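Accompanying notes for the structure given below.
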Amino acid sequence: MSTTKEATMVAPAPRRTVREPQRPAKKRRAWDEAPRWQIYLPLSIYLLFTLIPFYWILLFALRPAGSTSLVPWPMTFDHFEKVWTERSFGTYFQNSVLVGLATLFLTTVVALAGGYALARFDFRIKRAFMLALLCSQFVPGALLLVPLFEIFAELQMINSLGSVILAETVFQLPLSMILISNFIKNVPYSLEEAAWVDGCNRMTAFRVVVLPLLRPGLIAVGSFAFVHSWNHFLFALMFLNNQQKQTIPVGLNTLMSADSVDLGALAAGGIIAAVPVVLVFAFIQKWLITGFSAGAVKG
Amino acid sequence: MAQAAAVAKPPAPPRRRRASATPRRLPYLLIAPAALLMLGFIAYPVLSVFYYSLQDYNPTKPWRNGFAGFDNFVHAFTEDPLFWDTLIFSAKWVVVEVGLQLLFGLALALIVNQTFVGRAVGRAMVFSPWAVSGVLTSAIWVLLYNSQTGITRYLADMGIGSYGTSWLSDTSTVFPAAIVADLWRGVPFFAILILADLQSVSKDLYEAAEVDGASRLKQFWHITLPHLKDAIVLSTLLRAVWEFNNVDLLYTLTGGGPAGETTTLPLYIANTSVDAHNFGYASALTTVAFVILLFCSIVYLRLSKFGGEDK
């Protein structure tokens with residue numbers, strides 16, 4: 001309890017600097033005021049482009065098969081029922097949630113440890129390690145499918161969700177680590193040192209002083225990891241042959257590559273695939289901008 | 001940022017040594033999990049790709065397996081027209097896609113950076129496709145482009161185009177159709193990154209420019225754009241690599257068709273290894289793709305003088 005209190009006493013200074021860019025300036029001047037139509041007109045046109053596809057899939061998911069109406073009325077949930085049970089999307093959904101959460105957790109924890117080392121220490125292989133992180137961005141995961149498959153076969157992990165979780169985590173790690181180390185650099189080291197003087201060890205000082213300030217960054221990185229692994233397709237397609245183990249994108253692909261595509265089922269499956277990420281996204285959107293501007297592109 | 005790094009630099013002062021028991025080993029312990037994972041699942045596979053690229057390796061034809069020298073590379077460059085076709089298509093795909101995404105993303109970021117009623121909702125809606133997967137994007141656009149029930153039917157009802165057109169199976173329309181589908185998902189990426197960077201432009205600069213009577217266009221050209229430069233360079237590079245490597249969308253939307261018209265090099269490689277089981281040749285193509293990517297990235301960073309102003 002007392003340690004938390006200390007943290008809140010120490011915290012305000014950096015917290016304000018983190019938040020600052022996001023707060024709309026009170027004194028908006030004429031230079032900031034574009035004519036309203038210059039905002040609303042292009043925005044509306046772009047929104048049409050963004051939203052019509054969403055409406056289209058909703059329409060197909062909700063209207064009865066064979067209907068050509070442009071409004072989803074009479075409304076039916078048959079497609080959802082069918083896709084959830086007959087096409088095993090219920091199972092896929094569970095698998096995807098498991099993969100997404102495990103990837104989120106693993107990526108955040110491993111990247112947090114590594115990011116802290118990169119931000120706070122100078123050590124011999126640091127430059128080489130940073131270079132390796134950057135270079136790994138050019139390694140196409142899709143092109144490593146064959147050797148990765150062989151490794152997982154060797155480890156007897158084919159057809160286990162563990163293979164997908166590991167592969168997703170590994171390819172999320174480099175960028176996550178760079179981002180997190182930048183977030184940590186933005187927290188003044190003196191805050192941690194002050195906590196040590198007060199008798200905290202390094203771990204406690206980190207947990208109490210640094211971690212709360214990393215919240216926007218961690219939310220951005222974590223949601224990235226979740227959304228990526230939720231969406232990613234090739235690893236699951238390659239490493240999971242058992243239908244009971246597959247994930248939602250693989251299920252969608254199966255629906256799409258069928259000889260005669262059941263459009264209603266495909267649309268319903270698509271909605272099921274979209275809902276979690278769109279919800280996550282709506283929730284974290286604010287944090288994303290702050291998180292990025294706090295340390296994304298600048299080293 | 002430089003200051004933050006400098007603070008960490010001096011080797012452990014006595015105070016710090018007391019704070020943790022093993023200050024010298026600690027950084028290595030902390031990066032160990034990440035380093036091990038990356039060694040095992042990135043470095044080792046990359047090395048084995050290099051190794052296989054010099055081998056004839058095909059599990060379905062084991063009698064031919066063995067050391068091949070540079071035969072695979074020679075074959076790619078001299079005897080395989082598909083290699084050149086797919087490489088050229090990849091370049092076309094990446095340039096058009098990244099260029100358009102940047103253009104629209106920048107415009108969009110500038111618009112939603114203004115203050116207006118409904119900004120939060122507007123941002124959320126505009127950015128939302130970013131979260132959608134390549135496969136789901138394909139599913140959505142398959143529904144839209146479908147010849148019987150897609151958008152073309154309703155356009156035809158209004159007298160635009162003709163009934164029964166399927167844009168994805170016509171060689172003359174498949175490229176723009178796929179480009180638009182990928183734009184739908186790709187523009188928000190740039191918009192988000194650029195919007196984030198716009199938050200850090202000093203307002204004083206605009207006020208000063210305003211006092212000097214600079215027009216909004218001039219302000220954009222002389223203040224906003226230079227500020228965004230590094231972010232733009234880095235995000236276009238990351239995106240270009242990503243667009244080159246990512247096969248989800250084209251694999252599911254067109255399958256590389258019709259008639260191989262939309263097959264990128266990575267898609268060709270995936271087909272070579274997964275369908276044809278020609279791992280040796282696929283590895284050689286992967287090596288070539290990797291070298292091309294690295295080379296283009298270095299040239300791009302040099303040409304754009306990334307981070308140049310600081311030095």
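Residues are named by chain letter and number: chains run A, B, ... in the order of the structure tokens, numbers start at 1 in each chain, and ligands are numbered from 1 in the order shown.
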
Residues within 9 Å of stretch 237-246 of chain B, please, as an MDAnalysis selection string. Count only C-alpha atoms; anything in the same chain fewer than 3 positions from it doesn't count. (chainID A and resid 137:143) or (chainID B and resid 90:91 93:95 97:98 134 186 189:190 232:234 249:250 264:267 293 297 300:301)

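By chain and then residue number, the residues within 7 Å of A:Gly100 are Ser96, Leu104, Phe226, Ser229 and Trp230 of chain A, counting only C-alpha atoms and disregarding those fewer than 4 positions away in sequence.
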
Take the residues that were just selected and, keeping C-alpha atoms, output them as a CSV table (one decimal), in the first residue's frame.
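The new file part.csv reads:
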chain,number,residue,atom,x,y,z
A,96,SER,CA,-7.9,-18.4,-32.0
A,104,LEU,CA,0.0,-11.5,-26.2
A,226,PHE,CA,-3.1,-10.2,-30.1
A,229,SER,CA,-1.8,-13.6,-34.1
A,230,TRP,CA,-5.5,-13.5,-34.4

List as an mmCIF file with N, CA and C atoms, in the first residue's frame the protein and nucleic acid residues near stretch 151-161 of chain B, meaning an atom at most 10 Å away when only C-alpha atoms are counted, but skip any in the same chain fewer than 5 places from it.
data_model
loop_
_atom_site.group_PDB
_atom_site.id
_atom_site.type_symbol
_atom_site.label_atom_id
_atom_site.label_comp_id
_atom_site.auth_asym_id
_atom_site.auth_seq_id
_atom_site.Cartn_x
_atom_site.Cartn_y
_atom_site.Cartn_z
ATOM 1 N N ILE A 52 -18.779 0.716 -46.612
ATOM 2 C CA ILE A 52 -19.601 -0.112 -47.500
ATOM 3 C C ILE A 52 -19.178 -1.588 -47.437
ATOM 4 N N PRO A 53 -17.874 -1.887 -47.505
ATOM 5 C CA PRO A 53 -17.497 -3.304 -47.383
ATOM 6 C C PRO A 53 -17.969 -3.937 -46.078
ATOM 7 N N TRP A 56 -21.582 -4.526 -46.388
ATOM 8 C CA TRP A 56 -21.839 -5.595 -47.345
ATOM 9 C C TRP A 56 -21.775 -6.970 -46.675
ATOM 10 N N THR A 68 -31.752 -10.738 -52.501
ATOM 11 C CA THR A 68 -30.918 -9.716 -53.115
ATOM 12 C C THR A 68 -31.253 -8.339 -52.558
ATOM 13 N N LEU A 70 -31.220 -4.984 -50.356
ATOM 14 C CA LEU A 70 -30.080 -4.201 -49.898
ATOM 15 C C LEU A 70 -30.181 -3.823 -48.416
ATOM 16 N N TRP B 141 -14.043 -8.775 -49.819
ATOM 17 C CA TRP B 141 -14.005 -8.317 -51.207
ATOM 18 C C TRP B 141 -14.445 -9.391 -52.183
ATOM 19 N N LEU B 143 -17.053 -11.125 -51.527
ATOM 20 C CA LEU B 143 -18.489 -10.842 -51.509
ATOM 21 C C LEU B 143 -18.815 -9.628 -52.376
ATOM 22 N N LEU B 144 -17.949 -8.609 -52.304
ATOM 23 C CA LEU B 144 -18.216 -7.382 -53.057
ATOM 24 C C LEU B 144 -18.039 -7.574 -54.554
ATOM 25 N N TYR B 145 -17.034 -8.356 -54.925
ATOM 26 C CA TYR B 145 -16.716 -8.525 -56.342
ATOM 27 C C TYR B 145 -17.494 -9.658 -56.993
ATOM 28 N N ASN B 146 -18.208 -10.429 -56.185
ATOM 29 C CA ASN B 146 -18.945 -11.572 -56.703
ATOM 30 C C ASN B 146 -19.845 -11.165 -57.882
ATOM 31 N N SER B 166 -16.998 -10.364 -63.405
ATOM 32 C CA SER B 166 -16.283 -10.768 -62.213
ATOM 33 C C SER B 166 -14.873 -10.207 -62.297
ATOM 34 N N TRP B 167 -14.634 -9.147 -61.528
ATOM 35 C CA TRP B 167 -13.374 -8.425 -61.664
ATOM 36 C C TRP B 167 -12.153 -9.270 -61.303
#

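In this comparison, which uses only C-alpha atoms, the residue of B:Leu228, B:Leu82, B:Ala131, B:Ile194 approaching chain A most closely is B:Ala131.
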
note - atom CA of A:Asn242 and atom CA of B:Gly255 are separated by 22.7 Å

(message) Set the distance at 12 Å and use only C-alpha atoms: which residues neighbour B:Phe77 once local chain neighbours fewer than 5 positions away are removed? I'd like the list as a VMD selection string.
(response) chain B and resid 70 to 72 82 to 85 87 281 284 to 285 288

Can you spit out the residues from that selection as a CSV table (one decimal), in the first residue's frame, using N, CA and C atoms?
chain,number,residue,atom,x,y,z
B,70,PHE,N,25.6,-23.9,-57.4
B,70,PHE,CA,24.8,-22.7,-57.7
B,70,PHE,C,23.7,-23.0,-58.7
B,71,ASP,N,23.5,-24.3,-59.0
B,71,ASP,CA,22.5,-24.7,-60.1
B,71,ASP,C,21.2,-24.0,-59.9
B,72,ASN,N,20.7,-24.0,-58.6
B,72,ASN,CA,19.4,-23.5,-58.4
B,72,ASN,C,19.3,-22.0,-58.8
B,82,LEU,N,9.1,-17.7,-65.0
B,82,LEU,CA,8.2,-17.4,-63.9
B,82,LEU,C,8.9,-16.6,-62.8
B,83,PHE,N,10.2,-16.8,-62.5
B,83,PHE,CA,10.9,-16.1,-61.5
B,83,PHE,C,10.9,-14.6,-61.9
B,84,TRP,N,11.2,-14.3,-63.1
B,84,TRP,CA,11.2,-12.9,-63.5
B,84,TRP,C,9.8,-12.3,-63.5
B,85,ASP,N,8.9,-13.0,-64.0
B,85,ASP,CA,7.5,-12.5,-64.0
B,85,ASP,C,7.0,-12.2,-62.6
B,87,LEU,N,8.8,-11.7,-60.0
B,87,LEU,CA,9.6,-10.6,-59.4
B,87,LEU,C,9.1,-9.3,-59.8
B,281,TYR,N,15.0,-25.6,-54.6
B,281,TYR,CA,14.8,-24.4,-55.4
B,281,TYR,C,14.1,-23.3,-54.7
B,284,ALA,N,16.5,-21.4,-52.7
B,284,ALA,CA,17.3,-20.5,-53.5
B,284,ALA,C,16.6,-19.2,-53.8
B,285,LEU,N,15.3,-19.4,-54.2
B,285,LEU,CA,14.4,-18.2,-54.5
B,285,LEU,C,14.3,-17.3,-53.3
B,288,VAL,N,17.4,-15.3,-52.8
B,288,VAL,CA,17.4,-14.2,-53.8
B,288,VAL,C,16.5,-13.1,-53.3

Query - Sel. of alpha helix (DSSP H) residues, stretch 7-89 of chain B, as a PyMOL selection string - result: chain B and resi 7-8+14-19+26-38+44-53+71-74+81-89

Give me, as a PDB file with N, CA and C atoms, in the first residue's frame, all polymer residues having an atom no more than 9 Å from stretch 156-168 of chain A, counting only C-alpha atoms and skipping those fewer than 4 positions away in the same chain.
ATOM      1  N   ASN A  95      -9.775 -21.786 -30.320  1.00  0.00           N
ATOM      2  CA  ASN A  95      -8.352 -21.917 -30.641  1.00  0.00           C
ATOM      3  C   ASN A  95      -7.717 -20.561 -30.891  1.00  0.00           C
ATOM      4  N   LEU A  98      -7.200 -18.674 -27.696  1.00  0.00           N
ATOM      5  CA  LEU A  98      -6.079 -19.243 -26.959  1.00  0.00           C
ATOM      6  C   LEU A  98      -4.754 -18.780 -27.562  1.00  0.00           C
ATOM      7  N   VAL A  99      -4.636 -18.899 -28.881  1.00  0.00           N
ATOM      8  CA  VAL A  99      -3.399 -18.491 -29.552  1.00  0.00           C
ATOM      9  C   VAL A  99      -3.152 -16.995 -29.326  1.00  0.00           C
ATOM     10  N   GLY A 100      -4.205 -16.195 -29.478  1.00  0.00           N
ATOM     11  CA  GLY A 100      -4.056 -14.747 -29.344  1.00  0.00           C
ATOM     12  C   GLY A 100      -3.598 -14.348 -27.945  1.00  0.00           C
ATOM     13  N   ALA A 102      -2.199 -16.241 -25.569  1.00  0.00           N
ATOM     14  CA  ALA A 102      -0.878 -16.781 -25.229  1.00  0.00           C
ATOM     15  C   ALA A 102       0.214 -15.969 -25.919  1.00  0.00           C
ATOM     16  N   THR A 103      -0.011 -15.604 -27.182  1.00  0.00           N
ATOM     17  CA  THR A 103       0.978 -14.793 -27.893  1.00  0.00           C
ATOM     18  C   THR A 103       1.130 -13.431 -27.231  1.00  0.00           C
ATOM     19  N   LEU A 106       3.112 -14.003 -23.865  1.00  0.00           N
ATOM     20  CA  LEU A 106       4.524 -14.341 -24.093  1.00  0.00           C
ATOM     21  C   LEU A 106       5.295 -13.156 -24.667  1.00  0.00           C
ATOM     22  N   THR A 107       4.725 -12.540 -25.718  1.00  0.00           N
ATOM     23  CA  THR A 107       5.413 -11.433 -26.369  1.00  0.00           C
ATOM     24  C   THR A 107       5.679 -10.314 -25.381  1.00  0.00           C
ATOM     25  N   GLY A 141       8.640 -14.285 -42.694  1.00  0.00           N
ATOM     26  CA  GLY A 141       8.185 -15.483 -42.011  1.00  0.00           C
ATOM     27  C   GLY A 141       7.599 -16.494 -42.981  1.00  0.00           C
ATOM     28  N   LEU A 148      10.839 -24.013 -40.640  1.00  0.00           N
ATOM     29  CA  LEU A 148      10.066 -23.955 -39.393  1.00  0.00           C
ATOM     30  C   LEU A 148       9.245 -25.227 -39.218  1.00  0.00           C
ATOM     31  N   PHE A 149       8.656 -25.667 -40.303  1.00  0.00           N
ATOM     32  CA  PHE A 149       7.875 -26.904 -40.244  1.00  0.00           C
ATOM     33  C   PHE A 149       8.746 -28.058 -39.763  1.00  0.00           C
ATOM     34  N   ILE A 151      11.474 -27.901 -37.956  1.00  0.00           N
ATOM     35  CA  ILE A 151      11.804 -27.745 -36.537  1.00  0.00           C
ATOM     36  C   ILE A 151      10.646 -28.236 -35.662  1.00  0.00           C
ATOM     37  N   PHE A 152       9.438 -27.789 -36.004  1.00  0.00           N
ATOM     38  CA  PHE A 152       8.295 -28.176 -35.182  1.00  0.00           C
ATOM     39  C   PHE A 152       8.013 -29.672 -35.294  1.00  0.00           C
ATOM     40  N   GLN A 172       6.791 -11.504 -33.595  1.00  0.00           N
ATOM     41  CA  GLN A 172       6.330 -10.259 -32.974  1.00  0.00           C
ATOM     42  C   GLN A 172       7.429  -9.605 -32.138  1.00  0.00           C
ATOM     43  N   LEU A 173       8.338 -10.453 -31.643  1.00  0.00           N
ATOM     44  CA  LEU A 173       9.292  -9.996 -30.638  1.00  0.00           C
ATOM     45  C   LEU A 173      10.153  -8.794 -31.043  1.00  0.00           C
ATOM     46  N   ALA A 225       0.200  -7.591 -30.708  1.00  0.00           N
ATOM     47  CA  ALA A 225       0.504  -9.025 -30.705  1.00  0.00           C
ATOM     48  C   ALA A 225      -0.780  -9.836 -30.832  1.00  0.00           C
ATOM     49  N   HIS A 228      -2.342  -9.357 -34.415  1.00  0.00           N
ATOM     50  CA  HIS A 228      -1.546 -10.041 -35.437  1.00  0.00           C
ATOM     51  C   HIS A 228      -1.745 -11.542 -35.395  1.00  0.00           C
ATOM     52  N   SER A 229      -1.671 -12.110 -34.192  1.00  0.00           N
ATOM     53  CA  SER A 229      -1.765 -13.562 -34.143  1.00  0.00           C
ATOM     54  C   SER A 229      -3.197 -14.010 -34.419  1.00  0.00           C
ATOM     55  N   HIS A 232      -3.296 -13.802 -38.285  1.00  0.00           N
ATOM     56  CA  HIS A 232      -2.308 -14.439 -39.157  1.00  0.00           C
ATOM     57  C   HIS A 232      -2.756 -15.825 -39.586  1.00  0.00           C
ATOM     58  N   PHE A 235       0.954 -19.597 -40.740  1.00  0.00           N
ATOM     59  CA  PHE A 235       1.516 -20.519 -39.759  1.00  0.00           C
ATOM     60  C   PHE A 235       0.472 -21.557 -39.361  1.00  0.00           C
ATOM     61  N   ALA A 236      -0.729 -21.077 -39.075  1.00  0.00           N
ATOM     62  CA  ALA A 236      -1.785 -22.002 -38.675  1.00  0.00           C
ATOM     63  C   ALA A 236      -2.099 -22.973 -39.813  1.00  0.00           C
ATOM     64  N   MET A 238      -0.111 -24.062 -42.086  1.00  0.00           N
ATOM     65  CA  MET A 238       0.964 -25.020 -42.302  1.00  0.00           C
ATOM     66  C   MET A 238       1.131 -25.995 -41.148  1.00  0.00           C
ATOM     67  N   PHE A 239       1.048 -25.486 -39.915  1.00  0.00           N
ATOM     68  CA  PHE A 239       1.449 -26.315 -38.780  1.00  0.00           C
ATOM     69  C   PHE A 239       0.292 -27.101 -38.172  1.00  0.00           C
ATOM     70  N   LEU A 240      -0.936 -26.734 -38.513  1.00  0.00           N
ATOM     71  CA  LEU A 240      -2.083 -27.405 -37.917  1.00  0.00           C
ATOM     72  C   LEU A 240      -2.881 -28.112 -38.997  1.00  0.00           C
ATOM     73  N   ASN A 241      -2.759 -29.427 -39.038  1.00  0.00           N
ATOM     74  CA  ASN A 241      -3.516 -30.163 -40.058  1.00  0.00           C
ATOM     75  C   ASN A 241      -4.829 -30.686 -39.521  1.00  0.00           C
ATOM     76  N   ASN A 242      -4.852 -30.893 -38.226  1.00  0.00           N
ATOM     77  CA  ASN A 242      -6.047 -31.419 -37.586  1.00  0.00           C
ATOM     78  C   ASN A 242      -7.132 -30.345 -37.556  1.00  0.00           C
ATOM     79  N   LYS A 245      -7.942 -28.323 -34.512  1.00  0.00           N
ATOM     80  CA  LYS A 245      -6.922 -27.436 -33.963  1.00  0.00           C
ATOM     81  C   LYS A 245      -6.837 -26.122 -34.736  1.00  0.00           C
ATOM     82  N   GLN A 246      -7.614 -25.995 -35.821  1.00  0.00           N
ATOM     83  CA  GLN A 246      -7.380 -24.859 -36.679  1.00  0.00           C
ATOM     84  C   GLN A 246      -7.962 -23.567 -36.129  1.00  0.00           C
TER      85      GLN A 246
ATOM     86  N   LEU B  37      14.887 -17.533 -28.374  1.00  0.00           N
ATOM     87  CA  LEU B  37      13.757 -17.751 -29.289  1.00  0.00           C
ATOM     88  C   LEU B  37      14.133 -17.351 -30.714  1.00  0.00           C
ATOM     89  N   PHE B  41      14.280 -19.902 -33.851  1.00  0.00           N
ATOM     90  CA  PHE B  41      13.165 -19.869 -34.798  1.00  0.00           C
ATOM     91  C   PHE B  41      13.301 -18.822 -35.904  1.00  0.00           C
TER      92      PHE B  41
END

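Candidate residues A:Thr204, A:Met75, A:Ile178, A:Pro188 were compared for distance to chain B, and the nearest is A:Pro188, using only C-alpha atoms.
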
Show which residues sit within 10 Å of A:Phe77, as a PyMOL selection string. Count only C-alpha atoms, and ignore same-chain residues fewer than 2 positions away. chain A and resi 61-64+75+79-82+268

- Message: One decimal, in Å: what's the spacing between atom CA of A:Ile180 and atom CA of A:Val278?
- Response: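 Result for atom CA of A:Ile180 versus atom CA of A:Val278: 23.7 Å, one decimal.
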
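Between A:Ala111 and the residues A:Phe60, A:Phe49, A:Phe183, A:Tyr92, the shortest atom-to-atom distance, using only C-alpha atoms, involves A:Phe183.
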
* Counting only C-alpha atoms, which of A:Leu211, A:Val227, A:Ile45, A:Ala128 gets nearest to chain B? ->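 That would be A:Val227, the residue with the smallest distance to chain B.
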
Judged by only C-alpha atoms, the minimum distance to A:Gly264 among A:Ser223, A:Ser67, A:Ser176, A:Ser88 is found for A:Ser67

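The closest residue to chain A, picked from B:Ile88, B:Val74, B:Leu205, B:Ala178 and counting only C-alpha atoms, is B:Leu205.
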